[in-house]
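Listing of upload.txt, compact mmCIF, C-alpha atoms
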# COMPACT_ATOMS: atom_id res chain seq x y z
CA MET A 13 -36.14 13.51 -12.23
CA ALA A 14 -36.87 11.47 -15.33
CA THR A 15 -36.27 12.85 -18.80
CA ASN A 16 -36.71 11.41 -22.27
CA THR A 17 -32.97 11.39 -22.91
CA PRO A 18 -31.27 11.21 -19.53
CA ASN A 19 -27.71 12.46 -19.21
CA LEU A 20 -25.49 9.73 -17.76
CA GLU A 21 -22.28 11.78 -17.61
CA CYS A 22 -21.40 13.54 -14.37
CA ARG A 23 -18.47 14.27 -12.05
CA MET A 24 -18.24 12.27 -8.85
CA TYR A 25 -18.09 15.23 -6.45
CA GLU A 26 -20.14 18.37 -5.93
CA ALA A 27 -17.20 20.69 -6.68
CA LYS A 28 -16.67 21.11 -10.42
CA TYR A 29 -12.89 21.46 -10.01
CA PRO A 30 -10.42 19.95 -7.55
CA GLU A 31 -8.74 22.05 -4.87
CA VAL A 32 -5.10 23.08 -5.22
CA ASP A 33 -2.64 20.85 -3.28
CA THR A 34 -4.98 17.86 -3.35
CA SER A 35 -4.29 14.58 -5.10
CA VAL A 36 -6.51 13.39 -7.96
CA MET A 37 -6.68 10.26 -10.09
CA ILE A 38 -5.89 10.80 -13.76
CA GLN A 39 -5.55 8.82 -16.98
CA VAL A 40 -2.92 9.83 -19.51
CA LYS A 41 -4.49 10.64 -22.88
CA ASN A 42 -1.74 12.17 -25.01
CA ILE A 43 1.94 13.11 -24.80
CA ALA A 44 2.83 16.41 -26.50
CA ASP A 45 5.94 18.60 -26.85
CA MET A 46 5.54 20.34 -23.47
CA GLY A 47 4.04 17.57 -21.40
CA ALA A 48 1.21 15.09 -21.07
CA TYR A 49 -2.50 15.78 -21.44
CA VAL A 50 -4.61 13.81 -18.97
CA SER A 51 -8.23 13.27 -17.95
CA LEU A 52 -9.31 13.80 -14.34
CA LEU A 53 -11.34 10.65 -13.77
CA GLU A 54 -13.20 11.95 -10.70
CA TYR A 55 -14.26 15.17 -12.44
CA ASN A 56 -16.04 13.80 -15.51
CA ASN A 57 -12.78 13.52 -17.47
CA ILE A 58 -12.04 17.25 -17.67
CA GLU A 59 -8.60 17.90 -19.13
CA GLY A 60 -5.43 18.68 -17.22
CA MET A 61 -1.75 18.85 -18.09
CA ILE A 62 1.48 17.59 -16.54
CA LEU A 63 4.52 19.52 -17.74
CA PHE A 64 7.63 17.42 -18.27
CA SER A 65 9.33 19.41 -15.49
CA GLU A 66 6.70 18.03 -13.08
CA LEU A 67 7.22 14.37 -13.95
CA SER A 68 10.16 13.58 -11.70
CA ARG A 69 12.48 15.09 -9.12
CA ARG A 70 15.38 13.47 -10.96
CA ARG A 71 16.80 14.29 -14.34
CA ILE A 72 14.56 12.84 -17.04
CA ARG A 73 16.35 10.48 -19.38
CA SER A 74 13.32 8.78 -20.85
CA VAL A 75 9.82 10.28 -20.72
CA SER A 76 8.30 6.93 -21.73
CA SER A 77 9.66 5.33 -18.57
CA LEU A 78 7.83 7.88 -16.40
CA ILE A 79 4.48 8.26 -18.13
CA LYS A 80 2.55 6.20 -20.65
CA VAL A 81 -0.67 6.78 -22.56
CA GLY A 82 -3.52 4.93 -20.87
CA ARG A 83 -1.89 4.74 -17.47
CA ILE A 84 -4.06 5.59 -14.44
CA GLU A 85 -2.28 7.12 -11.42
CA PRO A 86 -2.54 9.80 -8.72
CA VAL A 87 -1.04 13.28 -9.22
CA MET A 88 -1.01 16.57 -7.30
CA VAL A 89 -3.04 19.64 -8.33
CA LEU A 90 -0.78 22.70 -8.75
CA ARG A 91 -3.06 25.34 -10.32
CA VAL A 92 -6.70 25.63 -11.32
CA ASP A 93 -7.95 28.36 -13.66
CA LYS A 94 -11.72 27.94 -13.47
CA GLU A 95 -12.42 30.65 -16.06
CA LYS A 96 -10.21 29.15 -18.75
CA GLY A 97 -10.57 25.57 -17.54
CA TYR A 98 -6.81 25.04 -17.20
CA ILE A 99 -5.58 22.55 -14.60
CA ASP A 100 -1.84 22.09 -14.02
CA LEU A 101 -0.76 18.88 -12.34
CA SER A 102 2.41 17.35 -10.93
CA LYS A 103 3.55 13.76 -10.66
CA ARG A 104 6.81 14.48 -8.87
CA ARG A 105 5.18 16.28 -5.92
CA VAL A 106 2.78 13.53 -4.93
CA SER A 107 3.99 11.58 -1.88
CA GLU A 108 3.49 7.91 -1.04
CA GLU A 109 0.97 8.97 1.59
CA ASP A 110 -0.88 11.05 -1.01
CA ILE A 111 -0.87 8.11 -3.43
CA GLN A 112 -2.37 5.73 -0.88
CA GLY A 113 -5.02 8.21 0.22
CA CYS A 114 -5.96 9.05 -3.37
CA GLU A 115 -6.24 5.40 -4.37
CA GLU A 116 -8.45 4.58 -1.40
CA ARG A 117 -10.73 7.57 -2.03
CA TYR A 118 -10.93 6.91 -5.77
CA ASN A 119 -11.81 3.24 -5.33
CA LYS A 120 -14.67 4.20 -3.00
CA SER A 121 -15.84 7.00 -5.30
CA LYS A 122 -15.67 4.74 -8.35
CA LEU A 123 -17.90 2.15 -6.69
CA VAL A 124 -20.40 4.82 -5.62
CA HIS A 125 -20.37 6.29 -9.14
CA SER A 126 -20.92 2.88 -10.73
CA ILE A 127 -23.96 2.25 -8.53
CA MET A 128 -25.38 5.73 -9.11
CA ARG A 129 -24.91 5.50 -12.87
CA HIS A 130 -26.53 2.07 -13.07
CA VAL A 131 -29.57 3.29 -11.13
CA ALA A 132 -29.83 6.39 -13.34
CA GLU A 133 -29.57 4.31 -16.51
CA THR A 134 -32.07 1.63 -15.51
CA MET A 135 -34.57 4.13 -14.07
CA LYS A 136 -34.06 6.58 -16.96
CA LEU A 137 -32.89 9.42 -14.73
CA ASP A 138 -30.46 12.28 -15.21
CA LEU A 139 -27.30 11.22 -13.36
CA GLU A 140 -26.40 14.74 -12.20
CA ASP A 141 -29.90 15.22 -10.83
CA LEU A 142 -29.55 11.98 -8.87
CA TYR A 143 -26.23 13.20 -7.49
CA ILE A 144 -27.69 16.62 -6.58
CA HIS A 145 -30.51 15.16 -4.50
CA VAL A 146 -28.97 11.89 -3.26
CA GLY A 147 -25.24 11.44 -3.84
CA TRP A 148 -23.81 14.81 -2.88
CA PRO A 149 -25.99 15.29 0.22
CA LEU A 150 -24.63 11.93 1.42
CA TYR A 151 -21.06 13.09 0.73
CA ARG A 152 -21.72 16.21 2.82
CA LYS A 153 -23.31 14.36 5.72
CA TYR A 154 -21.08 11.28 5.92
CA GLY A 155 -17.78 12.59 4.55
CA HIS A 156 -18.06 10.13 1.67
CA ALA A 157 -21.15 8.57 0.10
CA PHE A 158 -19.39 5.19 0.39
CA GLU A 159 -19.78 5.37 4.20
CA ALA A 160 -23.50 6.09 3.78
CA PHE A 161 -23.86 3.20 1.34
CA LYS A 162 -22.32 0.84 3.90
CA LEU A 163 -25.02 1.84 6.38
CA ILE A 164 -27.74 1.46 3.74
CA VAL A 165 -26.90 -2.24 3.37
CA ASN A 166 -28.46 -2.97 6.79
CA ASP A 167 -30.55 0.12 7.58
CA PRO A 168 -31.58 2.00 4.42
CA ASP A 169 -34.45 4.01 5.89
CA SER A 170 -32.35 5.77 8.52
CA VAL A 171 -30.08 7.10 5.78
CA LEU A 172 -32.39 7.67 2.83
CA ASN A 173 -35.59 8.88 4.48
CA SER A 174 -33.87 12.09 5.59
CA LEU A 175 -33.13 13.09 1.99
CA THR A 176 -35.57 15.60 0.54
CA ARG A 177 -35.98 17.97 -2.38
CA GLU A 178 -38.03 21.09 -2.99
CA VAL A 179 -40.59 21.23 -5.78
CA LYS A 180 -42.68 24.18 -6.91
CA GLU A 181 -46.39 23.77 -7.52
CA ILE A 182 -49.32 26.06 -8.31
CA GLY A 183 -51.65 26.25 -5.33
CA PRO A 184 -55.49 26.47 -5.38
CA ASP A 185 -55.24 30.25 -5.39
CA GLY A 186 -53.06 30.23 -8.50
CA GLN A 187 -49.94 31.19 -6.54
CA GLU A 188 -46.70 29.23 -6.80
CA VAL A 189 -45.83 27.34 -3.61
CA THR A 190 -42.77 25.35 -2.60
CA LYS A 191 -43.23 21.86 -1.17
CA VAL A 192 -40.67 19.56 0.45
CA VAL A 193 -40.93 15.97 -0.84
CA PRO A 194 -38.75 12.83 -0.65
CA ALA A 195 -35.58 13.10 -2.74
CA MET A 196 -36.63 10.12 -4.86
CA SER A 197 -39.59 7.92 -5.58
CA GLU A 198 -40.06 4.57 -3.86
CA GLU A 199 -39.14 2.84 -7.14
CA VAL A 200 -35.84 4.68 -7.40
CA LYS A 201 -35.15 4.12 -3.69
CA ASP A 202 -35.74 0.37 -4.06
CA ALA A 203 -33.46 0.22 -7.11
CA LEU A 204 -30.71 2.08 -5.24
CA ILE A 205 -30.95 -0.19 -2.18
CA LYS A 206 -30.93 -3.30 -4.37
CA ASN A 207 -27.81 -2.16 -6.24
CA ILE A 208 -25.98 -1.16 -3.06
CA ARG A 209 -26.67 -4.50 -1.39
CA ARG A 210 -25.58 -6.39 -4.49
CA ARG A 211 -22.33 -4.46 -4.96
CA MET A 212 -21.20 -3.79 -1.41
CA THR A 213 -20.63 -7.24 0.00
CA PRO A 214 -18.02 -6.83 2.76
CA GLN A 215 -14.49 -7.57 1.53
CA PRO A 216 -11.79 -8.89 3.88
CA LEU A 217 -8.93 -6.55 4.74
CA LYS A 218 -5.34 -7.61 4.20
CA ILE A 219 -3.24 -7.18 7.35
CA ARG A 220 0.55 -7.42 7.13
CA ALA A 221 3.64 -7.14 9.31
CA ASP A 222 7.30 -7.12 8.19
CA ILE A 223 9.99 -8.69 10.35
CA GLU A 224 13.64 -9.73 10.27
CA MET A 225 14.58 -13.05 11.87
CA LYS A 226 18.08 -14.38 12.45
CA CYS A 227 19.57 -17.43 14.15
CA PHE A 228 23.32 -18.06 14.04
CA GLN A 229 23.20 -21.54 15.55
CA PHE A 230 24.51 -24.45 13.49
CA ASP A 231 20.96 -25.68 12.88
CA GLY A 232 19.52 -22.17 12.62
CA VAL A 233 17.30 -23.00 9.63
CA LEU A 234 15.44 -25.61 11.66
CA HIS A 235 14.88 -23.17 14.51
CA ILE A 236 13.57 -20.55 12.06
CA LYS A 237 11.18 -23.13 10.58
CA GLU A 238 9.86 -23.94 14.03
CA ALA A 239 9.43 -20.25 14.85
CA MET A 240 7.45 -19.84 11.63
CA ARG A 241 5.22 -22.75 12.64
CA LYS A 242 4.57 -21.08 15.99
CA ALA A 243 3.59 -17.89 14.19
CA GLU A 244 1.10 -19.66 11.96
CA ALA A 245 -0.33 -21.58 14.93
CA ALA A 246 -1.32 -18.22 16.48
CA GLY A 247 -3.95 -17.77 13.78
CA ASN A 248 -7.48 -19.14 13.83
CA LYS A 249 -10.19 -20.18 11.37
CA ASP A 250 -11.52 -16.63 10.94
CA CYS A 251 -8.09 -15.05 10.85
CA PRO A 252 -5.45 -17.52 9.52
CA VAL A 253 -1.81 -16.42 9.65
CA LYS A 254 0.69 -17.04 6.87
CA ILE A 255 4.39 -16.22 6.99
CA LYS A 256 6.57 -15.93 3.91
CA LEU A 257 10.28 -15.59 3.30
CA VAL A 258 11.08 -12.51 1.22
CA ALA A 259 14.88 -12.75 1.28
CA PRO A 260 16.96 -13.69 4.33
CA PRO A 261 16.57 -12.30 6.93
CA SER A 262 13.29 -10.60 5.82
CA TYR A 263 9.89 -12.22 6.31
CA VAL A 264 6.29 -11.04 6.08
CA LEU A 265 3.32 -12.18 8.12
CA ASN A 266 -0.15 -11.65 6.73
CA THR A 267 -3.78 -12.46 7.30
CA GLN A 268 -7.19 -11.50 5.93
CA THR A 269 -10.16 -10.53 8.05
CA LEU A 270 -13.31 -8.41 8.09
CA ASP A 271 -12.25 -7.03 11.49
CA LYS A 272 -9.15 -4.82 11.23
CA GLU A 273 -8.49 -4.71 14.98
CA GLN A 274 -8.78 -8.47 15.26
CA GLY A 275 -6.34 -8.96 12.37
CA ILE A 276 -3.75 -6.65 13.93
CA ALA A 277 -4.13 -8.36 17.32
CA ILE A 278 -3.70 -11.82 15.77
CA LEU A 279 -0.55 -10.79 13.88
CA ASN A 280 0.91 -9.24 17.04
CA LYS A 281 0.21 -12.51 18.84
CA ALA A 282 1.91 -14.42 16.00
CA ILE A 283 4.97 -12.16 16.16
CA ALA A 284 5.21 -12.68 19.94
CA ALA A 285 5.03 -16.48 19.53
CA CYS A 286 7.60 -16.40 16.74
CA SER A 287 9.94 -14.16 18.75
CA GLU A 288 9.69 -16.32 21.88
CA GLU A 289 10.56 -19.46 19.93
CA ILE A 290 13.56 -18.02 18.07
CA GLU A 291 14.96 -16.37 21.20
CA ARG A 292 14.93 -19.76 22.96
CA HIS A 293 17.65 -20.73 20.50
CA LYS A 294 19.63 -17.49 20.86
CA GLY A 295 18.10 -16.04 17.70
CA LYS A 296 16.63 -12.58 17.26
CA LEU A 297 13.44 -11.17 15.76
CA THR A 298 13.09 -7.48 14.84
CA VAL A 299 9.84 -5.89 13.78
CA LYS A 300 10.55 -3.68 10.76
CA GLU A 301 6.93 -2.71 10.00
CA ALA A 302 4.21 -3.24 12.61
CA ALA A 303 0.96 -5.01 11.76
CA ARG A 304 -1.28 -2.75 9.65
CA ALA A 305 -3.89 -2.87 6.91
CA VAL A 306 -2.27 -2.72 3.47
CA SER A 307 -3.61 -1.51 0.14
CA GLU A 308 -3.72 -3.50 -3.09
CA ARG A 309 -0.81 -1.38 -4.29
CA GLU A 310 1.41 -2.43 -1.36
CA ASP A 311 0.39 -6.06 -1.80
CA LYS A 312 1.24 -5.87 -5.51
CA LEU A 313 4.62 -4.26 -4.83
CA LEU A 314 5.50 -7.05 -2.38
CA ALA A 315 4.50 -9.72 -4.91
CA GLU A 316 6.64 -8.02 -7.58
CA GLN A 317 9.60 -7.82 -5.20
CA MET A 318 9.34 -11.49 -4.31
CA ALA A 319 8.98 -12.48 -7.98
CA LYS A 320 12.11 -10.46 -8.82
CA LEU A 321 14.10 -12.11 -6.04
CA THR A 322 12.91 -15.53 -7.21
CA ARG A 323 14.13 -14.81 -10.75
CA GLU A 324 17.48 -13.60 -9.45
CA ASN A 325 17.90 -16.72 -7.33
CA GLU A 326 17.13 -18.94 -10.31
CA GLU A 327 19.88 -17.25 -12.30
CA VAL A 328 22.47 -18.22 -9.66
CA SER A 329 23.45 -21.87 -9.70
CA GLY A 330 25.71 -23.98 -7.48
CA ASP A 331 25.22 -21.95 -4.30
CA GLU A 332 22.68 -24.14 -2.54
CA ASP A 333 25.22 -25.35 0.03
CA SER A 334 27.31 -22.18 0.36
CA GLU A 335 29.33 -21.62 3.49
CA GLU A 336 27.48 -18.37 4.21
CA GLU A 337 24.10 -20.11 4.34
CA GLU A 338 25.48 -22.82 6.61
CA ASP A 339 26.91 -20.23 9.00
CA THR A 340 23.90 -17.95 9.23
CA GLY A 341 21.21 -20.60 9.23
CA MET A 342 19.11 -18.42 6.93
CA GLY A 343 19.22 -20.24 3.64
CA ASP A 344 16.21 -20.83 1.41
CA VAL A 345 13.61 -22.17 3.81
CA ASP A 346 11.88 -25.06 2.06
CA LEU A 347 8.70 -25.40 4.06
CA GLU A 348 6.72 -27.31 1.42
CA SER A 349 8.94 -30.39 1.70
CA SER A 350 8.92 -30.28 5.49
CA GLY A 351 5.16 -30.82 5.55
CA THR A 352 4.37 -27.77 7.61
CA GLY A 353 1.73 -26.39 5.27
CA ILE A 354 3.47 -22.98 5.19
CA THR A 355 3.59 -21.57 1.70
CA ASP A 356 6.50 -19.89 0.00
I need this file expressed as structure tokens, please.
Amino acid sequence: MATNTPNLECRMYEAKYPEVDTSVMIQVKNIADMGAYVSLLEYNNIEGMILFSELSRRRIRSVSSLIKVGRIEPVMVLRVDKEKGYIDLSKRRVSEEDIQGCEERYNKSKLVHSIMRHVAETMKLDLEDLYIHVGWPLYRKYGHAFEAFKLIVNDPDSVLNSLTREVKEIGPDGQEVTKVVPAMSEEVKDALIKNIRRRMTPQPLKIRADIEMKCFQFDGVLHIKEAMRKAEAAGNKDCPVKIKLVAPPSYVLNTQTLDKEQGIAILNKAIAACSEEIERHKGKLTVKEAARAVSEREDKLLAEQMAKLTRENEEVSGDEDSEEEEDTGMGDVDLESSGTGITD
């Protein structure tokens, strides 16, 4: 596989072009009269275009508010002309579900690509050749090479020893013969395993649930604080539970764990404890979004929402003891000063 000047540029997937009606990750390169020219990051930066009519379902007042040079985001593939190399894309037709799926796939593919490229560079190999004999066969067999890489961390031989390639040699009789040999040398295999183990340390998942909690008693805030304490007490050392006020009556519970099922079970237990406590004082808890694993994007959106609400609250003065807060028992819950250890 080695060459004197190895090529380190290659698409991430075996297909040279994406399929129509699939989502792809792009980076905006240039904004022209008709639309935006972009690079398809998963397909070795081949060029695509988003017409202005495909930017938004709403009337466009400012193109700069919808798309910016340098931005990386998922879009939908509308048309692919393989002969001419034209790829038409749409931003307005990509759904939230598509966005989440595309981001998850791209993050996995990007990590795989980074590992493959580093091995190719250090071992002086052609990157596409490494993909042909190692990367893409793993994509075909495991659905995504990332899943194969996870298995390689603990059991590399069961995954890699099945990979082979065909080579042609001249036999003793002068005739060309085809031999089946391992897909890579032991040196390349060792380098790949080393890189995978170094880069693929298990990362904890973020598990989150969204609830609404109300208590109309005179001392409702105190009852809500106690319910929040009960929720946090449901966590454990491996799966600690935190509950945060978003804006009355909305709260979020979250935890981090390597075991998704355990995290969901712990949050459900925390919600049950919280609900039992608030209902003892004639309050009510409603689950708005059940416990589930959340992406970095969702976590970032929540942080931005909470930061915005904090800024808005700071702009309003003199309402700390408003009649509405006294009546509902859902004012700004100051848990720091109460010594509970629950963070804002």
Which of these residues is nearest to A:Ile208, using all atoms listed in the file: A:Lys249, A:Lys256, A:Lys162, A:Lys28?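 Closest to A:Ile208, using all atoms listed in the file: A:Lys162.
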What box, with edges along x, y and z, holds each listed atom of stretch 152-162 of chain A when 5 Å is added on every side, and can you state its centre and edge lengths in Å to one decimal, as AutoDock Vina command-line options?
--center_x -20.8 --center_y 8.5 --center_z 3.0 --size_x 16.1 --size_y 25.4 --size_z 15.8
Nearest to A:Ile43 among A:Tyr29, A:Gly60, A:Ile111, A:Gly247, with distances taken over all atoms listed in the file: which residue is it?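 For A:Ile43, the nearest of the given residues is A:Gly60.
The nearest approach to A:Pro216 among the residues A:Leu204, A:Ala44, A:Ile236, A:Ala305, with all atoms listed in the file taken into account, belongs to A:Ala305.
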Would you mind telling me which residue in A:Leu20, A:Val192, A:Ile79, A:Val264 lies nearest to A:Val131 when using all atoms listed in the file?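 Among the listed residues, A:Leu20 lies closest to A:Val131.
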Which neighbours of A:Asn19 fall inside 8 Å, counting all atoms listed in the file, when residues of the same chain fewer than 4 positions from it are skipped, and could you give them as a PDB file with C-alpha atoms, in the coordinates of the input?
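New file result_29.pdb:
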ATOM      1  CA  LEU A 137     -32.890   9.420 -14.730  1.00  0.00           C
ATOM      2  CA  ASP A 138     -30.460  12.280 -15.210  1.00  0.00           C
ATOM      3  CA  LEU A 139     -27.300  11.220 -13.360  1.00  0.00           C
ATOM      4  CA  GLU A 140     -26.400  14.740 -12.200  1.00  0.00           C
TER       5      GLU A 140
END
Compare A:Leu270, A:Leu234, A:Ala259, A:Ile283 by their minimum atom-to-atom distance to A:Ala303, counting all atoms listed in the file, and give me the closest one.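 Closest to A:Ala303, using all atoms listed in the file: A:Ile283.
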Between atom CA of A:Tyr263 and atom CA of A:Ala246, measure the distance and give it in Å to one decimal.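 Value for the atom CA of A:Tyr263-atom CA of A:Ala246 distance: 16.3 Å.
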Nearest residue to A:Asp93 from the set A:Glu31, A:Gln187, A:Thr213, A:Phe64 (distances using all atoms listed in the file):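 Among A:Glu31, A:Gln187, A:Thr213, A:Phe64, it is A:Glu31 that comes nearest to A:Asp93.
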Could you pull the residues within 9 Å of A:Val193, counting all atoms listed in the file, minus those fewer than 3 positions along the same chain, as a ChimeraX atom specification? /A:175-179,196
Residues at most 12 Å from stretch 115-127 of chain A, counting only C-alpha atoms, excluding those fewer than 5 positions away in the same chain, as number ranges by chain? A: 20-25, 34-38, 52-56, 84-87, 108-110, 132-134, 139-140, 142-143, 146-148, 150-151, 155-162, 203-213, 306-310
Got a sec to check which residues sit within 10 Å of (7.8, -18.8, 15.4), counting all atoms listed in the file, and write them as a PyMOL selection string? chain A and resi 225+235-246+255+282-291+297
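Atom CA of A:Glu198 to atom CA of A:Gly183 spans 24.6 Å [interatomic distance, one decimal].
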Between atom CA of A:Leu101 and atom CA of A:Ala27, measure the distance and give it in Å to one decimal.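 Atom CA of A:Ala27 lies 17.5 Å from atom CA of A:Leu101.
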Within 10 Å of stretch 322-324 of chain A, counting only C-alpha atoms, which residues qualify if same-chain residues fewer than 5 places away don't, as a PyMOL selection string? chain A and resi 258-259+316-317
Selection to disk with C-alpha atoms, as a PDB file, in the frame of the given file:
ATOM      1  CA  VAL A 258      11.080 -12.510   1.220  1.00  0.00           C
ATOM      2  CA  ALA A 259      14.880 -12.750   1.280  1.00  0.00           C
ATOM      3  CA  GLU A 316       6.640  -8.020  -7.580  1.00  0.00           C
ATOM      4  CA  GLN A 317       9.600  -7.820  -5.200  1.00  0.00           C
TER       5      GLN A 317
END
